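Chemist: Got a structure for you, questions after.
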Amino acid sequence: MEVFMFGLVSLVLCGYALSKECTNIPTQSHTLRYEMLRSKNKTWKPELRIHNHLTPTDDSAWEDMLPRRFMREDHQNEWSMMYRKIKNLGMFDTPKGFLKEVSLQDVRLQEGSIHAQAQNTNLEYLLMLDVDRLIWSFRNTAGLPTPSQPYGGWESADMELRGHFVGHYLSASALMWASTNNSSLQEKMSALVAGLSACQDKIGTGYLSAFPSEFFDRYEAVQPVWAPYYTIHKILAGLLDQHAIAGNPQALKMVTWMVDYFYNRVQNVITQFSINRHYQSQNEETGGMNDVLYRLYSLTGDQKHLVLAHLFDKPCFLGLLAVQANDIADFHANTHIPIVVGAQMRYEVTGDPLYKDIGTFFMDIMNSSHIYATGGTSDNEFWHDPKRIGDSLKTAENEESCTTYNMLKVSRHLFRWTKEVSYADYYERALTNGVLSIQRGTDPGVMIYMLPLGLGVSKGTSSHSWGTPFDSFWCCYGTGIESFSKLGDSIYFEEEGNDPSLYIIQYISSSFNWQFGKLILNQTVDPASSWDPYLRVAFTLSPTENSGTSSTLNFRVPSWTQTNGANGILNAENVSVPAPGTFLSVTRQWSADDKFSLQLPITLTTEAIKDDRSEFASLQAILYGPYLLAGHTESDWDITAGANTTISEWITPIPASYNSQLISFSQNSSESTLVLTNTNLSLTMQMIPEPGTALALHATFRLGLQNSSTELSSLTNAVGKSVTLEPFDLPGMNVIHQGQDKPLVISSEVEPSSIFLVVQGLDGRNETISLESQSNRGCYVYGGVSSGAEVKLGCKSDSDATFNNATSFVAEEGLRQYHPISFVAKGTNRNFLLEPLFNFRDENYTVYFNIHE
């Protein structure tokens, strides 16, 4: 208790006001800021900006927030007095026993894995970007020549947040270089640092930004401006990463010169006005200024860096967490998560236990009240009342990608402190569903801002939709390129000591050169599938030298698995697997070509939404181990599980053989290729779609064999078989005809009109087939010759060439394939095809279902 009270007094001495009024509410989201700057409406902007800050500006109103006993002290506003108070708050013993981060340069992702694919797509994007265009506004601000043109979107020359993405690029390129050792990227990032250094030298004060220093005059005067310290944080963090990760000594000099400049600015504000004016100006988003300054202090030991870091610990937010108040409703989420990360760094560099408690409590309330099944958070960039996130599903502006990036940092710190599996489980959940889901397949530079989680939503048609490589540059583009550059940074953690110990907390195909343990570890993860419900991981281990010492490998046993069916094998000998939520530890003197394999059952589970109101009691997400499953649907979300049933009774896996039964039917018109498509439960001919689109989904059908004991191994042996046509995203439903010259429709009824005989194409070509109705012989599926044409049952009366062509289709592999993790859930009105959320692109989906008994 004494430690807590000392910490609380420390908060107050740093200006902590335990009042929610000093937060940036009401405020605007980044999206609205962008729209304001682009808007031509001359009255709209001032009307909104009236509410941009709190109305009280009198110092006394702010000073009333502080306990009176401290306000009676002399020289309260004098910088030197305040500096001494903060500097002498008292240093605790530096905490010991943290797990150590391993160097990204020692970790390599294994080609062919989903993580390696995401990393390579991001690398391609980083290499696409041009240094001259990235730093155009920096050069313009410094008065240097500006070759080329600036990029668009949030990096446009008239955007107040310009330059933020450049800071992210500095971090991402350093991380990616460490992850891949790509020499072209090394040249590009070195040129970027040199170009920025030239801008800083030209200005000559230490200031470096893509916008003029007058933005900080407005910030300090509590006038509207779009988050200048947010951008400065990105630049500082990027340069620090260029030094710490990429080994660029010039970058550290640039950082310390920049910090000297801002140290003096903050000193002037506090000396001229008061410390409260400084905190009042922090109603504007400042990013992770405290975090990067604590990181800098850990490198330099300079007390100025420590004091300035303290001054960016946002008092009114951390104060609430210090007294353990679950009262973060209406806070802008991504303004405040980085401040928690900074508080965690404060604990690591100073040992103050209060900041450990702050980080732990924050994660607790997020998990209990504000987290989606993805592991992400926020609704339209904000938090709402605890356990009230059901309402957020009515919009498509749900999980902001930036928040997931920062929540991963929070959980990573907590795991390193505690070794608790729950934090590693969270990291896996958020990385798998909240990070991998924001990239559009292998399209470089195409990511999303918000991850929609409502009913019948789509990443491609949300309010922001997919971004573009050169004209978006949202905040989530910056955190996105960092996330995909460091996918290997939280697989392995080491514990130093007399007997080396390694923690393997993520099962991601990779290799790791464990230099401290003198061991090379290769991890190969079999891709998860729905028909083989096990996570199977194989490790080969080879010592780099004969040290003669033992070391321990600790393998995470995730909470989503179960003991029954779990197994470990070390060189053909069984190893008992402990209960879920613990570590399996193996200690030995490792020999060349030692092998260890782990088999963990993957279980299906449901998870209720974080909302305690009765009307949301049935709203649940469905997970397969760590994989969040989304259902292909535009409007339905009702599932009847049945009373006293197990989840396996209403969710069944898609067999592996089904992919060989997927077909798309195409016809060539005079100018284009048309495909048979499910359009609102009827069939039409549509232009052949792009892969990954909703139309590609609707243009794929599964051939169900009738009265045959053999599987359909390929499309070539389908001729002569009786089949049904099941739309890809409507399992259990079939195409049926309604009689001659009537349109074909989709129905859940199983009747003779749903069975077709596959015959050789009536047009006489070897590569085509025709579909003859088994109940109306001589009648065929008739496609038509134009986009949008209705598909009907046409009956042959003579050898009309037009008829023969319209009933002949090229049957090829389906435009869409089942993901290896695919299930069918029994819905109330229809069945749902479930696939991992990260596999979706432009298709409509639902994450939370109304599951009733």
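Letters for chains follow the order of the structure tokens (A, B, ...), residue numbers begin at 1 for each chain, and ligand numbers begin at 1 in the order shown.
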Which residues are near Ile505 (chain A)? Cut-off 10 Å, only C-alpha atoms, ignore same chain within fewer than 2 positions. Put them as a PDB file with all heavy atoms, in the first residue's frame.

Modeler:
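That gives us part23.pdb:
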ATOM      1  N   PHE A 415       3.790 -10.084 -21.194  1.00  0.00           N
ATOM      2  CA  PHE A 415       4.312 -11.437 -21.252  1.00  0.00           C
ATOM      3  C   PHE A 415       5.774 -11.477 -20.823  1.00  0.00           C
ATOM      4  O   PHE A 415       6.187 -12.372 -20.079  1.00  0.00           O
ATOM      5  CB  PHE A 415       4.157 -12.044 -22.646  1.00  0.00           C
ATOM      6  CG  PHE A 415       4.817 -13.396 -22.732  1.00  0.00           C
ATOM      7  CD1 PHE A 415       4.216 -14.501 -22.150  1.00  0.00           C
ATOM      8  CD2 PHE A 415       6.062 -13.545 -23.331  1.00  0.00           C
ATOM      9  CE1 PHE A 415       4.842 -15.745 -22.175  1.00  0.00           C
ATOM     10  CE2 PHE A 415       6.689 -14.775 -23.352  1.00  0.00           C
ATOM     11  CZ  PHE A 415       6.078 -15.880 -22.779  1.00  0.00           C
ATOM     12  N   LYS A 419       5.669 -14.022 -17.983  1.00  0.00           N
ATOM     13  CA  LYS A 419       5.688 -15.352 -18.624  1.00  0.00           C
ATOM     14  C   LYS A 419       4.316 -16.021 -18.574  1.00  0.00           C
ATOM     15  O   LYS A 419       4.214 -17.258 -18.656  1.00  0.00           O
ATOM     16  CB  LYS A 419       6.733 -16.273 -17.973  1.00  0.00           C
ATOM     17  CG  LYS A 419       8.135 -15.703 -17.917  1.00  0.00           C
ATOM     18  CD  LYS A 419       9.055 -16.615 -17.118  1.00  0.00           C
ATOM     19  CE  LYS A 419      10.316 -15.902 -16.701  1.00  0.00           C
ATOM     20  NZ  LYS A 419      11.105 -16.690 -15.737  1.00  0.00           N
ATOM     21  N   VAL A 421       0.980 -17.368 -19.962  1.00  0.00           N
ATOM     22  CA  VAL A 421       0.553 -17.840 -21.277  1.00  0.00           C
ATOM     23  C   VAL A 421      -0.620 -17.024 -21.816  1.00  0.00           C
ATOM     24  O   VAL A 421      -0.764 -16.848 -23.030  1.00  0.00           O
ATOM     25  CB  VAL A 421       0.195 -19.341 -21.197  1.00  0.00           C
ATOM     26  CG1 VAL A 421      -0.520 -19.809 -22.464  1.00  0.00           C
ATOM     27  CG2 VAL A 421       1.455 -20.168 -20.976  1.00  0.00           C
ATOM     28  N   TYR A 423      -1.149 -13.919 -21.941  1.00  0.00           N
ATOM     29  CA  TYR A 423      -0.717 -12.784 -22.756  1.00  0.00           C
ATOM     30  C   TYR A 423      -0.185 -13.243 -24.109  1.00  0.00           C
ATOM     31  O   TYR A 423      -0.383 -12.570 -25.124  1.00  0.00           O
ATOM     32  CB  TYR A 423       0.349 -11.970 -22.015  1.00  0.00           C
ATOM     33  CG  TYR A 423      -0.149 -11.342 -20.733  1.00  0.00           C
ATOM     34  CD1 TYR A 423       0.521 -11.530 -19.528  1.00  0.00           C
ATOM     35  CD2 TYR A 423      -1.301 -10.561 -20.727  1.00  0.00           C
ATOM     36  CE1 TYR A 423       0.062 -10.951 -18.348  1.00  0.00           C
ATOM     37  CE2 TYR A 423      -1.769  -9.986 -19.556  1.00  0.00           C
ATOM     38  CZ  TYR A 423      -1.085 -10.184 -18.365  1.00  0.00           C
ATOM     39  OH  TYR A 423      -1.555  -9.607 -17.218  1.00  0.00           O
ATOM     40  N   ALA A 424       0.493 -14.387 -24.131  1.00  0.00           N
ATOM     41  CA  ALA A 424       0.951 -14.946 -25.409  1.00  0.00           C
ATOM     42  C   ALA A 424      -0.231 -15.415 -26.243  1.00  0.00           C
ATOM     43  O   ALA A 424      -0.238 -15.283 -27.471  1.00  0.00           O
ATOM     44  CB  ALA A 424       1.919 -16.099 -25.163  1.00  0.00           C
ATOM     45  N   ASP A 425      -1.266 -15.972 -25.577  1.00  0.00           N
ATOM     46  CA  ASP A 425      -2.486 -16.359 -26.287  1.00  0.00           C
ATOM     47  C   ASP A 425      -3.150 -15.150 -26.919  1.00  0.00           C
ATOM     48  O   ASP A 425      -3.625 -15.197 -28.067  1.00  0.00           O
ATOM     49  CB  ASP A 425      -3.471 -17.025 -25.326  1.00  0.00           C
ATOM     50  CG  ASP A 425      -3.061 -18.432 -24.927  1.00  0.00           C
ATOM     51  OD1 ASP A 425      -2.191 -19.018 -25.604  1.00  0.00           O
ATOM     52  OD2 ASP A 425      -3.601 -18.946 -23.932  1.00  0.00           O
ATOM     53  N   TYR A 427      -1.707 -12.390 -27.804  1.00  0.00           N
ATOM     54  CA  TYR A 427      -0.873 -11.930 -28.916  1.00  0.00           C
ATOM     55  C   TYR A 427      -1.162 -12.747 -30.174  1.00  0.00           C
ATOM     56  O   TYR A 427      -1.314 -12.202 -31.268  1.00  0.00           O
ATOM     57  CB  TYR A 427       0.607 -12.046 -28.541  1.00  0.00           C
ATOM     58  CG  TYR A 427       1.520 -11.245 -29.433  1.00  0.00           C
ATOM     59  CD1 TYR A 427       1.979  -9.993 -29.038  1.00  0.00           C
ATOM     60  CD2 TYR A 427       1.916 -11.721 -30.683  1.00  0.00           C
ATOM     61  CE1 TYR A 427       2.814  -9.243 -29.861  1.00  0.00           C
ATOM     62  CE2 TYR A 427       2.736 -10.985 -31.516  1.00  0.00           C
ATOM     63  CZ  TYR A 427       3.184  -9.747 -31.094  1.00  0.00           C
ATOM     64  OH  TYR A 427       3.993  -8.998 -31.920  1.00  0.00           O
ATOM     65  N   GLU A 428      -1.263 -14.058 -30.010  1.00  0.00           N
ATOM     66  CA  GLU A 428      -1.570 -14.928 -31.147  1.00  0.00           C
ATOM     67  C   GLU A 428      -2.926 -14.585 -31.750  1.00  0.00           C
ATOM     68  O   GLU A 428      -3.076 -14.498 -32.978  1.00  0.00           O
ATOM     69  CB  GLU A 428      -1.556 -16.378 -30.694  1.00  0.00           C
ATOM     70  CG  GLU A 428      -1.919 -17.376 -31.776  1.00  0.00           C
ATOM     71  CD  GLU A 428      -2.000 -18.789 -31.243  1.00  0.00           C
ATOM     72  OE1 GLU A 428      -2.629 -18.984 -30.173  1.00  0.00           O
ATOM     73  OE2 GLU A 428      -1.442 -19.697 -31.871  1.00  0.00           O
ATOM     74  N   SER A 490       8.112 -11.843 -32.099  1.00  0.00           N
ATOM     75  CA  SER A 490       7.527 -12.338 -30.845  1.00  0.00           C
ATOM     76  C   SER A 490       7.294 -13.842 -30.885  1.00  0.00           C
ATOM     77  O   SER A 490       6.400 -14.357 -30.229  1.00  0.00           O
ATOM     78  CB  SER A 490       6.213 -11.601 -30.554  1.00  0.00           C
ATOM     79  OG  SER A 490       6.457 -10.234 -30.311  1.00  0.00           O
ATOM     80  N   ILE A 491       8.120 -14.541 -31.644  1.00  0.00           N
ATOM     81  CA  ILE A 491       8.042 -16.005 -31.681  1.00  0.00           C
ATOM     82  C   ILE A 491       8.884 -16.584 -30.551  1.00  0.00           C
ATOM     83  O   ILE A 491       8.474 -17.517 -29.862  1.00  0.00           O
ATOM     84  CB  ILE A 491       8.526 -16.545 -33.039  1.00  0.00           C
ATOM     85  CG1 ILE A 491       7.732 -15.905 -34.191  1.00  0.00           C
ATOM     86  CG2 ILE A 491       8.410 -18.061 -33.092  1.00  0.00           C
ATOM     87  CD1 ILE A 491       8.249 -16.274 -35.572  1.00  0.00           C
ATOM     88  N   TYR A 492      10.054 -15.997 -30.354  1.00  0.00           N
ATOM     89  CA  TYR A 492      11.026 -16.516 -29.393  1.00  0.00           C
ATOM     90  C   TYR A 492      11.437 -15.424 -28.403  1.00  0.00           C
ATOM     91  O   TYR A 492      11.667 -14.275 -28.798  1.00  0.00           O
ATOM     92  CB  TYR A 492      12.281 -17.019 -30.123  1.00  0.00           C
ATOM     93  CG  TYR A 492      11.999 -17.962 -31.260  1.00  0.00           C
ATOM     94  CD1 TYR A 492      11.962 -17.509 -32.585  1.00  0.00           C
ATOM     95  CD2 TYR A 492      11.758 -19.304 -31.020  1.00  0.00           C
ATOM     96  CE1 TYR A 492      11.697 -18.374 -33.637  1.00  0.00           C
ATOM     97  CE2 TYR A 492      11.495 -20.184 -32.069  1.00  0.00           C
ATOM     98  CZ  TYR A 492      11.463 -19.714 -33.375  1.00  0.00           C
ATOM     99  OH  TYR A 492      11.202 -20.570 -34.415  1.00  0.00           O
ATOM    100  N   PHE A 493      11.547 -15.803 -27.131  1.00  0.00           N
ATOM    101  CA  PHE A 493      12.100 -14.930 -26.093  1.00  0.00           C
ATOM    102  C   PHE A 493      13.083 -15.762 -25.271  1.00  0.00           C
ATOM    103  O   PHE A 493      12.840 -16.944 -25.013  1.00  0.00           O
ATOM    104  CB  PHE A 493      10.997 -14.386 -25.179  1.00  0.00           C
ATOM    105  CG  PHE A 493      10.094 -13.388 -25.837  1.00  0.00           C
ATOM    106  CD1 PHE A 493       8.924 -13.805 -26.459  1.00  0.00           C
ATOM    107  CD2 PHE A 493      10.410 -12.038 -25.850  1.00  0.00           C
ATOM    108  CE1 PHE A 493       8.075 -12.901 -27.073  1.00  0.00           C
ATOM    109  CE2 PHE A 493       9.580 -11.121 -26.469  1.00  0.00           C
ATOM    110  CZ  PHE A 493       8.408 -11.550 -27.083  1.00  0.00           C
ATOM    111  N   LEU A 502      14.856 -20.832 -23.346  1.00  0.00           N
ATOM    112  CA  LEU A 502      14.180 -20.191 -24.482  1.00  0.00           C
ATOM    113  C   LEU A 502      12.690 -20.473 -24.395  1.00  0.00           C
ATOM    114  O   LEU A 502      12.276 -21.603 -24.143  1.00  0.00           O
ATOM    115  CB  LEU A 502      14.731 -20.736 -25.805  1.00  0.00           C
ATOM    116  CG  LEU A 502      14.181 -20.100 -27.088  1.00  0.00           C
ATOM    117  CD1 LEU A 502      14.690 -18.673 -27.232  1.00  0.00           C
ATOM    118  CD2 LEU A 502      14.567 -20.921 -28.315  1.00  0.00           C
ATOM    119  N   TYR A 503      11.889 -19.430 -24.631  1.00  0.00           N
ATOM    120  CA  TYR A 503      10.432 -19.572 -24.661  1.00  0.00           C
ATOM    121  C   TYR A 503       9.964 -19.467 -26.102  1.00  0.00           C
ATOM    122  O   TYR A 503      10.231 -18.468 -26.781  1.00  0.00           O
ATOM    123  CB  TYR A 503       9.773 -18.488 -23.799  1.00  0.00           C
ATOM    124  CG  TYR A 503       9.876 -18.767 -22.315  1.00  0.00           C
ATOM    125  CD1 TYR A 503      11.060 -18.529 -21.628  1.00  0.00           C
ATOM    126  CD2 TYR A 503       8.807 -19.299 -21.604  1.00  0.00           C
ATOM    127  CE1 TYR A 503      11.175 -18.802 -20.268  1.00  0.00           C
ATOM    128  CE2 TYR A 503       8.898 -19.564 -20.251  1.00  0.00           C
ATOM    129  CZ  TYR A 503      10.088 -19.320 -19.589  1.00  0.00           C
ATOM    130  OH  TYR A 503      10.187 -19.602 -18.248  1.00  0.00           O
ATOM    131  N   TYR A 507       3.617 -20.323 -32.722  1.00  0.00           N
ATOM    132  CA  TYR A 507       3.931 -21.410 -33.638  1.00  0.00           C
ATOM    133  C   TYR A 507       3.804 -20.894 -35.068  1.00  0.00           C
ATOM    134  O   TYR A 507       2.733 -20.896 -35.678  1.00  0.00           O
ATOM    135  CB  TYR A 507       3.031 -22.614 -33.347  1.00  0.00           C
ATOM    136  CG  TYR A 507       3.320 -23.167 -31.959  1.00  0.00           C
ATOM    137  CD1 TYR A 507       2.354 -23.152 -30.961  1.00  0.00           C
ATOM    138  CD2 TYR A 507       4.583 -23.655 -31.654  1.00  0.00           C
ATOM    139  CE1 TYR A 507       2.640 -23.631 -29.689  1.00  0.00           C
ATOM    140  CE2 TYR A 507       4.884 -24.138 -30.389  1.00  0.00           C
ATOM    141  CZ  TYR A 507       3.906 -24.119 -29.405  1.00  0.00           C
ATOM    142  OH  TYR A 507       4.212 -24.587 -28.151  1.00  0.00           O
ATOM    143  N   ILE A 508       4.949 -20.429 -35.558  1.00  0.00           N
ATOM    144  CA  ILE A 508       5.065 -19.830 -36.885  1.00  0.00           C
ATOM    145  C   ILE A 508       6.295 -20.443 -37.546  1.00  0.00           C
ATOM    146  O   ILE A 508       7.392 -20.439 -36.957  1.00  0.00           O
ATOM    147  CB  ILE A 508       5.220 -18.296 -36.790  1.00  0.00           C
ATOM    148  CG1 ILE A 508       3.946 -17.668 -36.192  1.00  0.00           C
ATOM    149  CG2 ILE A 508       5.538 -17.692 -38.148  1.00  0.00           C
ATOM    150  CD1 ILE A 508       4.069 -16.177 -35.907  1.00  0.00           C
ATOM    151  N   ASN A 554      11.023 -24.019 -23.687  1.00  0.00           N
ATOM    152  CA  ASN A 554       9.692 -23.941 -23.100  1.00  0.00           C
ATOM    153  C   ASN A 554       8.676 -23.706 -24.211  1.00  0.00           C
ATOM    154  O   ASN A 554       8.698 -22.663 -24.870  1.00  0.00           O
ATOM    155  CB  ASN A 554       9.625 -22.799 -22.084  1.00  0.00           C
ATOM    156  CG  ASN A 554      10.663 -22.943 -20.985  1.00  0.00           C
ATOM    157  OD1 ASN A 554      10.507 -23.702 -20.051  1.00  0.00           O
ATOM    158  ND2 ASN A 554      11.761 -22.183 -21.123  1.00  0.00           N
ATOM    159  N   PHE A 555       7.809 -24.674 -24.425  1.00  0.00           N
ATOM    160  CA  PHE A 555       6.834 -24.619 -25.513  1.00  0.00           C
ATOM    161  C   PHE A 555       5.461 -24.240 -24.948  1.00  0.00           C
ATOM    162  O   PHE A 555       4.964 -24.886 -24.020  1.00  0.00           O
ATOM    163  CB  PHE A 555       6.743 -25.967 -26.218  1.00  0.00           C
ATOM    164  CG  PHE A 555       8.048 -26.450 -26.786  1.00  0.00           C
ATOM    165  CD1 PHE A 555       8.885 -27.265 -26.037  1.00  0.00           C
ATOM    166  CD2 PHE A 555       8.448 -26.074 -28.060  1.00  0.00           C
ATOM    167  CE1 PHE A 555      10.090 -27.715 -26.549  1.00  0.00           C
ATOM    168  CE2 PHE A 555       9.656 -26.520 -28.580  1.00  0.00           C
ATOM    169  CZ  PHE A 555      10.485 -27.341 -27.822  1.00  0.00           C
ATOM    170  N   ARG A 556       4.861 -23.216 -25.517  1.00  0.00           N
ATOM    171  CA  ARG A 556       3.544 -22.777 -25.039  1.00  0.00           C
ATOM    172  C   ARG A 556       2.484 -23.837 -25.323  1.00  0.00           C
ATOM    173  O   ARG A 556       2.378 -24.343 -26.450  1.00  0.00           O
ATOM    174  CB  ARG A 556       3.144 -21.464 -25.727  1.00  0.00           C
ATOM    175  CG  ARG A 556       1.751 -20.962 -25.349  1.00  0.00           C
ATOM    176  CD  ARG A 556       1.465 -19.601 -25.979  1.00  0.00           C
ATOM    177  NE  ARG A 556       1.432 -19.664 -27.420  1.00  0.00           N
ATOM    178  CZ  ARG A 556       0.337 -19.649 -28.182  1.00  0.00           C
ATOM    179  NH1 ARG A 556      -0.852 -19.579 -27.594  1.00  0.00           N
ATOM    180  NH2 ARG A 556       0.407 -19.690 -29.488  1.00  0.00           N
ATOM    181  N   VAL A 557       1.704 -24.137 -24.297  1.00  0.00           N
ATOM    182  CA  VAL A 557       0.516 -24.979 -24.468  1.00  0.00           C
ATOM    183  C   VAL A 557      -0.681 -24.034 -24.387  1.00  0.00           C
ATOM    184  O   VAL A 557      -1.066 -23.595 -23.312  1.00  0.00           O
ATOM    185  CB  VAL A 557       0.423 -26.058 -23.370  1.00  0.00           C
ATOM    186  CG1 VAL A 557      -0.789 -26.945 -23.620  1.00  0.00           C
ATOM    187  CG2 VAL A 557       1.704 -26.880 -23.320  1.00  0.00           C
ATOM    188  N   PRO A 558      -1.231 -23.646 -25.536  1.00  0.00           N
ATOM    189  CA  PRO A 558      -2.241 -22.577 -25.552  1.00  0.00           C
ATOM    190  C   PRO A 558      -3.510 -22.945 -24.805  1.00  0.00           C
ATOM    191  O   PRO A 558      -3.843 -24.129 -24.640  1.00  0.00           O
ATOM    192  CB  PRO A 558      -2.526 -22.363 -27.042  1.00  0.00           C
ATOM    193  CG  PRO A 558      -1.709 -23.342 -27.790  1.00  0.00           C
ATOM    194  CD  PRO A 558      -0.969 -24.209 -26.847  1.00  0.00           C
ATOM    195  N   PHE A 583       3.431 -24.096 -19.856  1.00  0.00           N
ATOM    196  CA  PHE A 583       4.537 -24.378 -20.770  1.00  0.00           C
ATOM    197  C   PHE A 583       5.007 -25.820 -20.590  1.00  0.00           C
ATOM    198  O   PHE A 583       5.067 -26.342 -19.469  1.00  0.00           O
ATOM    199  CB  PHE A 583       5.717 -23.431 -20.519  1.00  0.00           C
ATOM    200  CG  PHE A 583       5.523 -22.063 -21.084  1.00  0.00           C
ATOM    201  CD1 PHE A 583       5.062 -21.031 -20.285  1.00  0.00           C
ATOM    202  CD2 PHE A 583       5.793 -21.793 -22.421  1.00  0.00           C
ATOM    203  CE1 PHE A 583       4.873 -19.758 -20.800  1.00  0.00           C
ATOM    204  CE2 PHE A 583       5.605 -20.529 -22.949  1.00  0.00           C
ATOM    205  CZ  PHE A 583       5.141 -19.511 -22.135  1.00  0.00           C
TER     206      PHE A 583
END

Chemist: Would you please give, as a PyMOL selection string, all residues of region 399-537 of chain A that DSSP assigns to strand (DSSP E or B) based on the backbone?

Modeler: chain A and resi 399-400+439+447-448+450-451+457+466+492-495+501-504+510-514+519-525+534-537

Chemist: Nearest to Ala630 (chain A) among A:Ser722, A:Asn140, A:Thr374, A:Ser509, with distances taken over only C-alpha atoms: which residue is it?

Modeler: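 With only C-alpha atoms as the atom set, the closest residue is A:Thr374.
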
Chemist: Select from region 241-271 of chain A every residue with an atom at most 9 Å from any atom of region 210-233 of chain A, then for each give the shortest pair of atoms and their distance in Å to one decimal, using only C-alpha atoms, rows by chain and rising number, as CSV.

Modeler:
residue,atom,partner,partner_atom,distance
A:Arg265,CA,A:Phe216,CA,8.8
A:Val266,CA,A:Glu220,CA,8.8
A:Val269,CA,A:Glu220,CA,7.1

Chemist: Residues at most 8 Å from Leu676 (chain A), counting only C-alpha atoms, excluding those fewer than 3 positions away in the same chain, as a list of chain:residue names?

Modeler: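 Near neighbours after the sequence-gap exclusion: A:Ser664, A:Phe665, A:Ser666, A:Leu683, A:Thr684, A:Met685, A:Gln686, A:Ala699, A:Gly783, A:Val791.
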
Chemist: Can you pull out every residue from region 660-703 of chain A that DSSP, working from the backbone, puts in alpha helix (DSSP H), and format the result as number ranges by chain?

Modeler: A: 694-698

Chemist: Please produce a file of those selected residues containing N, CA, C and O atoms, as a PDB file, in the first residue's frame.

Modeler:
ATOM      1  N   ALA A 694     -16.370 -10.617 -54.427  1.00  0.00           N
ATOM      2  CA  ALA A 694     -17.624 -11.280 -54.097  1.00  0.00           C
ATOM      3  C   ALA A 694     -18.193 -12.016 -55.315  1.00  0.00           C
ATOM      4  O   ALA A 694     -18.785 -13.095 -55.191  1.00  0.00           O
ATOM      5  N   LEU A 695     -18.000 -11.454 -56.510  1.00  0.00           N
ATOM      6  CA  LEU A 695     -18.509 -12.109 -57.712  1.00  0.00           C
ATOM      7  C   LEU A 695     -17.790 -13.429 -57.981  1.00  0.00           C
ATOM      8  O   LEU A 695     -18.394 -14.393 -58.467  1.00  0.00           O
ATOM      9  N   ALA A 696     -16.501 -13.492 -57.666  1.00  0.00           N
ATOM     10  CA  ALA A 696     -15.770 -14.753 -57.826  1.00  0.00           C
ATOM     11  C   ALA A 696     -16.354 -15.821 -56.909  1.00  0.00           C
ATOM     12  O   ALA A 696     -16.453 -16.995 -57.269  1.00  0.00           O
ATOM     13  N   LEU A 697     -16.756 -15.403 -55.735  1.00  0.00           N
ATOM     14  CA  LEU A 697     -17.406 -16.299 -54.789  1.00  0.00           C
ATOM     15  C   LEU A 697     -18.717 -16.833 -55.372  1.00  0.00           C
ATOM     16  O   LEU A 697     -18.989 -18.034 -55.359  1.00  0.00           O
ATOM     17  N   HIS A 698     -19.529 -15.915 -55.902  1.00  0.00           N
ATOM     18  CA  HIS A 698     -20.847 -16.283 -56.400  1.00  0.00           C
ATOM     19  C   HIS A 698     -20.796 -17.028 -57.734  1.00  0.00           C
ATOM     20  O   HIS A 698     -21.809 -17.577 -58.168  1.00  0.00           O
TER      21      HIS A 698
END

Chemist: Please provide as a list in words all residues within 10 Å of Val340 (chain A), with the sequence filter that same-chain residues fewer than 4 positions apart are discarded (counting only C-alpha atoms).

Modeler: Gly288, Asn290, Asp291, Asp313, Lys314, Phe317, Leu318, Leu321, Thr335, His336, Gln344, Met345, Arg346, Tyr355, Lys356, Ile358, Gly359, Thr360, Phe362, Met363, Asn406, Met407, Lys409 and Val410 of chain A

Chemist: So which residues touch region 197-209 of chain A within 6 Å, counting only C-alpha atoms, skipping near sequence neighbours fewer than 5 positions away, as a ChimeraX atom specification?

Modeler: /A:138-139,142,257-258,261

Chemist: I'd like the interatomic distance between CA of Arg588 (chain A) and CA of Thr524 (chain A), to a tenth of an Å.

Modeler: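 Value for the CA of Arg588 (chain A)-CA of Thr524 (chain A) distance: 21.0 Å.
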
Chemist: I'd like the neighbourhood of Val577 (chain A) as a ChimeraX atom specification, where a residue qualifies if any of its atoms comes within 8 Å (using only C-alpha atoms), though same-chain residues fewer than 4 positions away should be ignored.

Modeler: /A:557,563,566-568,584

Chemist: Within 6 Å of Leu629 (chain A), counting only C-alpha atoms, which residues show up once you throw out same-chain ones fewer than 2 positions away? Write them as a PyMOL selection string, please.

Modeler: chain A and resi 622-623+834-837

Chemist: Between A:Tyr624, A:Phe596, A:Phe98, A:Phe484, which has the minimum distance to Arg536 (chain A) (counting only C-alpha atoms)?

Modeler: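 Checking each candidate against Arg536 (chain A), we get A:Phe596 as the closest.
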
Chemist: Rounded to one decimal in Å, what is the spacing between CA of Asn248 (chain A) and CA of Ser190 (chain A)?

Modeler: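 Answer for the CA of Asn248 (chain A) to CA of Ser190 (chain A) separation: 8.0 Å.
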
Chemist: One decimal, in Å: what's the spacing between CA of Asn433 (chain A) and CA of Pro580 (chain A)?

Modeler: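 Computing it gives 20.9 Å between the two atoms.
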
Chemist: Identify which of the residues A:Leu196, A:Met733, A:Met159, A:Ile438 lies closest to Met450 (chain A), counting only C-alpha atoms when measuring atom-to-atom distances.

Modeler: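 Selected residue with least distance to Met450 (chain A): A:Ile438.
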
Chemist: So, counting only C-alpha atoms, which residue among A:Ser670, A:Gln738, A:Thr377, A:Gln250 is closest to Ser392 (chain A)?

Modeler: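 The answer is A:Thr377, which sits nearest to Ser392 (chain A).
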